[in-house]
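*Asks:* What follows is structure_16.cif, mmCIF, C-alpha atoms.
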```cif
data_my_file
loop_
_atom_site.label_atom_id
_atom_site.label_comp_id
_atom_site.auth_asym_id
_atom_site.auth_seq_id
_atom_site.Cartn_x
_atom_site.Cartn_y
_atom_site.Cartn_z
CA MET M 1 14.38 -113.40 256.48
CA THR M 2 14.19 -113.48 260.27
CA THR M 3 14.95 -116.42 262.46
CA GLY M 4 12.22 -117.52 264.83
CA PRO M 5 12.63 -117.35 268.61
CA ALA M 6 13.76 -120.93 269.06
CA GLY M 7 15.75 -120.85 265.80
CA GLN M 8 13.67 -123.58 264.21
CA THR M 9 11.92 -121.53 261.54
CA THR M 10 12.62 -118.54 259.36
CA LYS M 11 10.09 -116.16 257.85
CA ILE M 12 10.55 -115.63 254.12
CA LYS M 13 8.59 -113.51 251.66
CA LEU M 14 8.08 -115.40 248.41
CA ARG M 15 6.92 -114.14 245.02
CA TYR M 16 5.92 -116.24 242.03
CA PHE M 17 5.60 -115.26 238.39
CA ALA M 18 4.10 -116.61 235.14
CA TRP M 19 3.33 -120.35 235.21
CA VAL M 20 5.00 -120.83 238.58
CA ARG M 21 2.46 -118.33 239.97
CA GLU M 22 -0.40 -120.08 238.20
CA ARG M 23 0.62 -123.51 239.49
CA VAL M 24 1.18 -122.38 243.07
CA GLY M 25 -2.09 -120.46 242.87
CA LYS M 26 -0.85 -117.20 244.36
CA ALA M 27 1.43 -114.31 243.44
CA GLU M 28 3.12 -113.95 246.83
CA GLU M 29 3.09 -115.19 250.37
CA GLU M 30 5.01 -115.21 253.64
CA ILE M 31 6.12 -118.60 254.81
CA GLU M 32 7.80 -120.09 257.86
CA ALA M 33 10.50 -122.42 256.64
CA PRO M 34 12.71 -124.69 258.74
CA ALA M 35 15.84 -122.75 259.66
CA ASP M 36 18.12 -125.49 258.33
CA ILE M 37 17.12 -124.72 254.74
CA ALA M 38 20.26 -123.07 253.42
CA THR M 39 19.95 -122.77 249.66
CA ILE M 40 17.48 -121.97 246.88
CA ALA M 41 17.56 -125.63 245.79
CA GLU M 42 16.72 -126.80 249.31
CA LEU M 43 13.93 -124.25 249.55
CA MET M 44 12.42 -125.49 246.27
CA ALA M 45 12.59 -129.09 247.51
CA TRP M 46 10.89 -128.11 250.77
CA LEU M 47 8.23 -126.06 248.97
CA SER M 48 7.37 -128.95 246.66
CA GLY M 49 6.42 -130.94 249.76
CA ARG M 50 3.83 -128.38 250.82
CA GLY M 51 1.02 -129.75 248.70
CA GLU M 52 -0.11 -130.78 245.26
CA GLN M 53 0.07 -127.30 243.74
CA TYR M 54 3.61 -126.73 245.00
CA ALA M 55 4.65 -130.19 243.86
CA TYR M 56 3.32 -129.35 240.39
CA ALA M 57 4.99 -125.92 240.32
CA PHE M 58 8.38 -127.27 241.40
CA GLU M 59 8.23 -130.69 239.70
CA ASN M 60 11.18 -129.78 237.49
CA PRO M 61 13.32 -127.44 239.62
CA LYS M 62 16.07 -127.33 236.97
CA VAL M 63 13.96 -125.11 234.73
CA ILE M 64 12.93 -122.71 237.49
CA ARG M 65 14.88 -119.49 237.94
CA ALA M 66 15.20 -117.62 241.20
CA ALA M 67 15.98 -114.13 242.42
CA ILE M 68 16.98 -112.97 245.88
CA ASP M 69 16.14 -109.35 246.58
CA ARG M 70 15.66 -108.69 242.84
CA ASN M 71 18.97 -110.21 241.74
CA HIS M 72 19.25 -113.39 239.69
CA VAL M 73 20.79 -116.23 241.68
CA ARG M 74 21.68 -119.86 241.02
CA ALA M 75 20.06 -122.84 242.74
CA GLU M 76 23.05 -123.27 245.03
CA ALA M 77 22.82 -119.67 246.29
CA ARG M 78 22.44 -119.30 250.06
CA ILE M 79 19.20 -117.75 251.23
CA GLU M 80 20.44 -116.45 254.56
CA GLY M 81 19.52 -112.80 254.99
CA ALA M 82 17.15 -112.74 252.01
CA GLY M 83 14.31 -110.23 252.23
CA GLU M 84 12.39 -111.48 249.21
CA ILE M 85 12.83 -114.62 247.13
CA ALA M 86 11.15 -114.97 243.74
CA PHE M 87 10.63 -118.06 241.58
CA PHE M 88 9.82 -117.93 237.88
CA PRO M 89 10.26 -119.69 234.53
CA PRO M 90 13.02 -118.72 232.06
CA MET M 91 12.34 -115.20 230.86
CA THR M 92 10.74 -114.41 227.52
CA GLY M 93 10.74 -110.63 227.31
CA GLY M 94 12.16 -108.31 224.66
CA MET W 95 16.06 -93.08 235.84
CA SER W 96 19.69 -93.56 236.89
CA ALA W 97 22.55 -92.20 234.85
CA PRO W 98 25.33 -94.79 234.80
CA ARG W 99 28.75 -93.19 234.93
CA VAL W 100 31.63 -93.96 232.64
CA GLY W 101 35.00 -92.44 233.38
CA GLY W 102 33.25 -89.77 235.41
CA ASP W 103 30.94 -88.61 232.62
CA PRO W 104 27.30 -89.43 233.29
CA VAL W 105 25.65 -91.12 230.34
CA PRO W 106 22.02 -90.08 230.10
CA ALA W 107 19.92 -93.21 230.37
CA ILE W 108 16.19 -93.54 230.01
CA ILE W 109 14.76 -96.77 231.43
CA ARG W 110 11.03 -97.15 231.69
CA LEU W 111 8.31 -99.77 231.90
CA GLN W 112 4.88 -98.79 230.67
CA HIS W 113 1.68 -100.26 229.34
CA GLU W 114 1.05 -97.41 226.89
CA PRO W 115 2.33 -97.58 223.30
CA ILE W 116 5.83 -96.12 222.83
CA ALA W 117 6.18 -92.72 221.13
CA ILE W 118 9.35 -93.81 219.34
CA ALA W 119 10.29 -90.58 217.53
CA ALA W 120 9.72 -88.42 220.62
CA GLU W 121 11.69 -90.79 222.87
CA VAL W 122 14.66 -90.91 220.50
CA GLU W 123 14.62 -87.13 220.24
CA LYS W 124 14.84 -86.91 224.03
CA LEU W 125 17.84 -89.22 223.98
CA VAL W 126 19.82 -87.05 221.59
CA GLY W 127 18.57 -83.77 223.06
CA VAL W 128 20.69 -80.76 222.30
CA ARG W 129 23.95 -82.67 222.09
CA LYS W 130 26.06 -82.01 219.03
CA ASP W 131 28.49 -84.90 219.49
CA VAL W 132 26.00 -87.64 218.57
CA GLY W 133 26.98 -89.12 215.23
CA ALA W 134 24.89 -92.28 215.36
CA VAL W 135 21.65 -93.47 216.90
CA VAL W 136 20.63 -97.11 216.57
CA THR W 137 17.05 -97.93 217.45
CA PHE W 138 15.56 -101.39 217.75
CA THR W 139 11.83 -101.90 218.03
CA GLY W 140 10.39 -105.27 218.98
CA ILE W 141 6.92 -105.75 217.51
CA CYS W 142 4.16 -108.21 218.34
CA ARG W 143 3.79 -110.68 215.45
CA ALA W 144 0.37 -111.92 214.35
CA ASP W 145 1.45 -115.53 214.88
CA GLU W 146 3.52 -117.60 217.29
CA ASP W 147 5.17 -120.61 215.62
CA GLY W 148 2.67 -120.41 212.77
CA VAL W 149 -0.43 -120.23 214.99
CA PRO W 150 -2.43 -116.99 214.67
CA ILE W 151 -2.62 -115.06 217.92
CA ALA W 152 -5.07 -112.47 219.28
CA ALA W 153 -2.61 -110.80 221.63
CA LEU W 154 0.41 -111.17 223.90
CA ASN W 155 0.06 -110.66 227.62
CA LEU W 156 3.32 -109.56 229.20
CA GLU W 157 3.82 -110.22 232.87
CA HIS W 158 6.79 -108.70 234.68
CA TYR W 159 8.45 -108.45 238.08
CA PRO W 160 7.97 -104.73 238.66
CA ASP W 161 10.61 -104.13 241.31
CA MET W 162 13.24 -106.19 239.57
CA ALA W 163 12.75 -105.41 235.87
CA GLU W 164 13.94 -101.82 236.00
CA ALA W 165 16.88 -102.71 238.23
CA GLU W 166 17.94 -105.56 235.93
CA ILE W 167 17.67 -103.38 232.81
CA ALA W 168 19.63 -100.62 234.57
CA ARG W 169 22.43 -103.10 235.37
CA HIS W 170 22.74 -104.00 231.70
CA VAL W 171 22.57 -100.39 230.54
CA GLU W 172 25.35 -99.67 232.96
CA GLU W 173 27.39 -102.54 231.55
CA ALA W 174 26.76 -101.35 227.98
CA CYS W 175 27.95 -97.88 228.97
CA ALA W 176 31.09 -99.41 230.45
CA ARG W 177 31.81 -101.50 227.34
CA TRP W 178 31.14 -98.95 224.60
CA PRO W 179 31.60 -95.18 224.37
CA LEU W 180 27.92 -94.33 224.47
CA ILE W 181 26.48 -90.85 224.66
CA GLY W 182 23.04 -92.05 225.65
CA ALA W 183 20.98 -95.21 226.08
CA LEU W 184 17.27 -95.88 226.23
CA VAL W 185 15.20 -98.95 227.04
CA ILE W 186 11.42 -98.81 227.18
CA HIS W 187 9.59 -102.10 227.70
CA ARG W 188 5.82 -102.48 227.64
CA TYR W 189 3.77 -104.82 229.80
CA GLY W 190 0.15 -105.95 229.84
CA ARG W 191 -1.92 -106.82 226.78
CA ILE W 192 -0.28 -106.08 223.44
CA GLU W 193 -1.94 -106.80 220.09
CA PRO W 194 -0.26 -107.83 216.82
CA GLY W 195 1.42 -104.88 215.12
CA GLU W 196 1.98 -103.02 218.38
CA ASP W 197 5.42 -102.25 219.80
CA ILE W 198 6.72 -104.34 222.70
CA VAL W 199 10.14 -102.86 223.34
CA LEU W 200 12.31 -99.97 222.21
CA VAL W 201 16.09 -99.94 222.62
CA ALA W 202 18.07 -96.94 221.41
CA THR W 203 21.75 -96.19 221.77
CA ALA W 204 23.58 -93.02 220.82
CA SER W 205 27.28 -92.60 220.20
CA SER W 206 29.70 -90.57 218.12
CA HIS W 207 30.25 -93.43 215.69
CA ARG W 208 27.99 -96.23 214.53
CA GLN W 209 29.95 -99.30 215.70
CA ALA W 210 29.41 -98.63 219.40
CA ALA W 211 25.73 -97.83 218.91
CA PHE W 212 25.07 -101.01 216.88
CA ALA W 213 26.96 -103.28 219.26
CA ALA W 214 25.44 -101.81 222.42
CA ALA W 215 21.89 -102.02 221.06
CA GLU W 216 22.38 -105.68 220.15
CA PHE W 217 23.97 -106.43 223.51
CA LEU W 218 21.06 -104.81 225.35
CA MET W 219 18.45 -106.71 223.33
CA ASP W 220 20.22 -110.05 223.80
CA TYR W 221 20.27 -109.50 227.56
CA LEU W 222 16.70 -108.24 227.72
CA LYS W 223 15.55 -111.48 226.11
CA THR W 224 17.21 -113.74 228.66
CA ARG W 225 17.71 -111.70 231.85
CA ALA W 226 14.94 -109.10 232.15
CA PRO W 227 12.08 -110.56 234.22
CA PHE W 228 9.28 -110.52 231.63
CA TRP W 229 7.12 -113.44 230.55
CA LYS W 230 4.98 -113.56 227.42
CA GLN W 231 1.69 -115.37 227.32
CA VAL W 232 0.01 -115.94 223.97
CA GLU W 233 -3.71 -115.38 223.67
CA SER W 234 -5.23 -117.37 220.78
CA ALA W 235 -8.36 -119.25 219.77
CA ASP W 236 -6.97 -122.22 221.73
CA GLY W 237 -6.80 -120.20 224.95
CA ALA W 238 -3.74 -118.88 226.79
CA ALA W 239 -0.26 -120.41 226.63
CA TRP W 240 3.10 -119.29 228.01
CA VAL W 241 5.79 -118.69 225.42
CA GLN W 242 8.71 -121.11 225.81
CA ALA W 243 12.17 -119.60 226.23
CA LYS W 244 14.32 -120.22 223.15
CA SER W 245 17.81 -121.67 223.47
CA ALA W 246 18.85 -119.47 220.52
CA ASP W 247 18.25 -116.45 222.76
CA ASP W 248 20.52 -117.93 225.44
CA THR W 249 23.21 -118.55 222.84
CA ALA W 250 22.87 -114.96 221.61
CA ALA W 251 23.30 -113.59 225.13
CA GLU W 252 26.17 -115.93 225.98
CA ARG W 253 28.37 -114.73 223.14
CA TRP W 254 28.83 -111.40 224.96
CA SER W 255 30.34 -113.17 227.96
CA ALA W 256 32.30 -115.79 226.02
CA PRO W 257 35.99 -115.87 226.85
CA PRO W 258 38.30 -114.85 223.99
CA PRO W 259 39.15 -117.75 221.63
CA PRO W 260 41.95 -119.96 222.99
CA GLN W 261 45.48 -119.17 221.85
CA ARG W 262 46.72 -121.46 219.12
CA ASP W 263 49.19 -123.96 220.51
CA ALA W 264 52.39 -123.38 218.52
CA ALA W 265 53.70 -126.85 219.40
CA LYS W 266 50.83 -128.57 217.57
#
```
Spit out the file's structure as C-alpha cells when you get a sec.

*Replies:*
Amino acid sequence: MTTGPAGQTTKIKLRYFAWVRERVGKAEEEIEAPADIATIAELMAWLSGRGEQYAYAFENPKVIRAAIDRNHVRAEARIEGAGEIAFFPPMTGG
Amino acid sequence: MSAPRVGGDPVPAIIRLQHEPIAIAAEVEKLVGVRKDVGAVVTFTGICRADEDGVPIAALNLEHYPDMAEAEIARHVEEACARWPLIGALVIHRYGRIEPGEDIVLVATASSHRQAAFAAAEFLMDYLKTRAPFWKQVESADGAAWVQAKSADDTAAERWSAPPPPQRDAAK
C-alpha cells in the first residue's frame, strides 16, 4: 500500500476468492482507496459502495474473511502497510 | 518445504499442493525414510463423497489461495511440531476438479509413540478445515454450488485453543 502524492488515496492490491470473486466479477485488482480508510471493515464498507457487484459481494461483511499479506486478520485489523489484501468466504478445505 | 524446528532438532515436514492424485504409500514411506525411531505413523485421507447433504454430485472443484495456502499449512505444521514430539509431518492437499472416490487431502504424522501421532494428525485436520484457504464447489445436475462452512468444523478447531477448564471454586 502506497500513499498518493497528496495523501488522499492509497493504492491497494486486492484478491478475491470463491463466491466473493464470482460476485465481484474478478479475481484481483489494484484500487485507489481514500487514505482515511484504516481497517478491513472500513475497506469492505467502502468497496460495497463501488457498484452493484461489490454491494452484492459485501452485503453481509460479517461472513467475509480477510487476509493481509497471506495472514488471516480480523475485520478490525489495520490495513496500513498492507501489500496485498484478500477477501473470501469461510474456508471449506480438508 | 520448510522444516520446522523443535528444541533445535529439525522435524522433516512435507507440505505440498497438487492437482494430481496422491501416491499415499510412497508419500508415507518418504516421511519415515530410514529413521529407526519411528514407532507410529497416523495417516488421514480425506475422500470425495458421491453426495453432498444427500444430493448426488459429479465432482468437487477446489479453489485455493496459492500463495497463502502453503504458508498457512506450514504455520500449523510448525505448531503441531511444537505441541507434540513428532518425528515427521506431512500435508498434501489437492486442488482443481476431484471426482467422487478420489483423495482430497493426506495428513500423516510420525512419532515414537501413537498418542502424539494421533493427536497431531487430528489437530492438523481440524485446522485445515477452518484455516487453510481452500473452498469447495459442488458440481451436480443442478449446476455449481459453493459448499457452506460447517459450524461443527469451527467447534472442532476451537477445542485445541480452548483454555483449560476453570478451577473448581472450593468455597462453593

*Asks:* For chain W, which of M:Arg78, M:Lys11, M:Arg50, M:Arg65 is the closest residue, counting only C-alpha atoms?

*Replies:*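 Closest residue, counting only C-alpha atoms: M:Arg65.
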
*Asks:* With 9 Å as the cut-off and all atoms listed in the file counted, what is the closest atom pair between each nearby residue of chain M and chain W? Distances in Å to one decimal, ordered by chain and number, as a Markdown table.

*Replies:*
```
| residue | atom | partner | partner_atom | distance |
| --- | --- | --- | --- | --- |
| M:Phe17 | CA | W:Tyr159 | CA | 7.4 |
| M:Ala18 | CA | W:Trp229 | CA | 6.3 |
| M:Trp19 | CA | W:Trp240 | CA | 7.3 |
| M:Ala67 | CA | W:Met162 | CA | 8.9 |
| M:Asp69 | CA | W:Met162 | CA | 8.2 |
| M:Arg70 | CA | W:Met162 | CA | 4.8 |
| M:Asn71 | CA | W:Met162 | CA | 7.3 |
| M:His72 | CA | W:Arg225 | CA | 8.2 |
| M:Phe88 | CA | W:Pro227 | CA | 8.5 |
| M:Pro89 | CA | W:Trp229 | CA | 8.0 |
| M:Pro90 | CA | W:Ala243 | CA | 6.0 |
| M:Met91 | CA | W:Trp229 | CA | 5.5 |
| M:Thr92 | CA | W:Trp229 | CA | 4.8 |
| M:Gly93 | CA | W:Phe228 | CA | 4.6 |
| M:Gly94 | CA | W:Lys223 | CA | 4.9 |
```

*Asks:* So how many Å separate atom CA of Phe217 of chain W and atom CA of Glu123 of chain W, to one decimal?

*Replies:* 21.7 Å

*Asks:* When you draw a straight line from atom CA of Tyr54 of chain M to atom CA of Ala66 of chain M, how long is it in Å?

*Replies:*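 Those two atoms sit 15.2 Å apart.
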
*Asks:* Kindly give the distance, in Å, that separates atom CA of Leu180 of chain W and atom CA of Pro106 of chain W, rounded to a single decimal.

*Replies:* 9.2 Å

*Asks:* Could you tell me which residues the PyMOL selection byres ((chain M and resi 12-15) around 9) grabs in this file, written as a PyMOL selection string?

*Replies:* chain M and resi 1-2+10-11+16-17+21+26-33+82-88

*Asks:* Let's have the selection written as a compact mmCIF listing (two decimals), in the frame of the given file, with C-alpha atoms.

*Replies:*
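Final output, saved to out18.txt:
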```
# COMPACT_ATOMS: atom_id res chain seq x y z
CA MET M 1 14.38 -113.40 256.48
CA THR M 2 14.19 -113.48 260.27
CA THR M 10 12.62 -118.54 259.36
CA LYS M 11 10.09 -116.16 257.85
CA TYR M 16 5.92 -116.24 242.03
CA PHE M 17 5.60 -115.26 238.39
CA ARG M 21 2.46 -118.33 239.97
CA LYS M 26 -0.85 -117.20 244.36
CA ALA M 27 1.43 -114.31 243.44
CA GLU M 28 3.12 -113.95 246.83
CA GLU M 29 3.09 -115.19 250.37
CA GLU M 30 5.01 -115.21 253.64
CA ILE M 31 6.12 -118.60 254.81
CA GLU M 32 7.80 -120.09 257.86
CA ALA M 33 10.50 -122.42 256.64
CA ALA M 82 17.15 -112.74 252.01
CA GLY M 83 14.31 -110.23 252.23
CA GLU M 84 12.39 -111.48 249.21
CA ILE M 85 12.83 -114.62 247.13
CA ALA M 86 11.15 -114.97 243.74
CA PHE M 87 10.63 -118.06 241.58
CA PHE M 88 9.82 -117.93 237.88
```

*Asks:* Residue by residue, what does the PyMOL selection byres ((chain M and resi 38) around 10) grab here? Present the result as a list of chain:residue names.

*Replies:* M:Pro34, M:Ala35, M:Asp36, M:Ile37, M:Thr39, M:Ile40, M:Ala41, M:Glu42, M:Leu43, M:Glu76, M:Ala77, M:Arg78, M:Ile79, M:Glu80

*Asks:* On this structure, which residues satisfy the PyMOL selection byres ((chain M and resi 48) around 12), written as a short mmCIF file (atom, residue, chain, number, x, y, z; two decimals) with C-alpha atoms, in the coordinates of the input?

*Replies:*
```cif
data_model
loop_
_atom_site.label_atom_id
_atom_site.label_comp_id
_atom_site.auth_asym_id
_atom_site.auth_seq_id
_atom_site.Cartn_x
_atom_site.Cartn_y
_atom_site.Cartn_z
CA VAL M 20 5.00 -120.83 238.58
CA ARG M 23 0.62 -123.51 239.49
CA VAL M 24 1.18 -122.38 243.07
CA ALA M 41 17.56 -125.63 245.79
CA GLU M 42 16.72 -126.80 249.31
CA LEU M 43 13.93 -124.25 249.55
CA MET M 44 12.42 -125.49 246.27
CA ALA M 45 12.59 -129.09 247.51
CA TRP M 46 10.89 -128.11 250.77
CA LEU M 47 8.23 -126.06 248.97
CA GLY M 49 6.42 -130.94 249.76
CA ARG M 50 3.83 -128.38 250.82
CA GLY M 51 1.02 -129.75 248.70
CA GLU M 52 -0.11 -130.78 245.26
CA GLN M 53 0.07 -127.30 243.74
CA TYR M 54 3.61 -126.73 245.00
CA ALA M 55 4.65 -130.19 243.86
CA TYR M 56 3.32 -129.35 240.39
CA ALA M 57 4.99 -125.92 240.32
CA PHE M 58 8.38 -127.27 241.40
CA GLU M 59 8.23 -130.69 239.70
CA ASN M 60 11.18 -129.78 237.49
CA PRO M 61 13.32 -127.44 239.62
#
```

*Asks:* Residues within 12 Å of (21.2, -91.5, 214.9), file coordinates, counting only C-alpha atoms: what are they? Give the list as number ranges by chain.

*Replies:* W: 119, 122-123, 125-127, 129-138, 181-183, 202-212
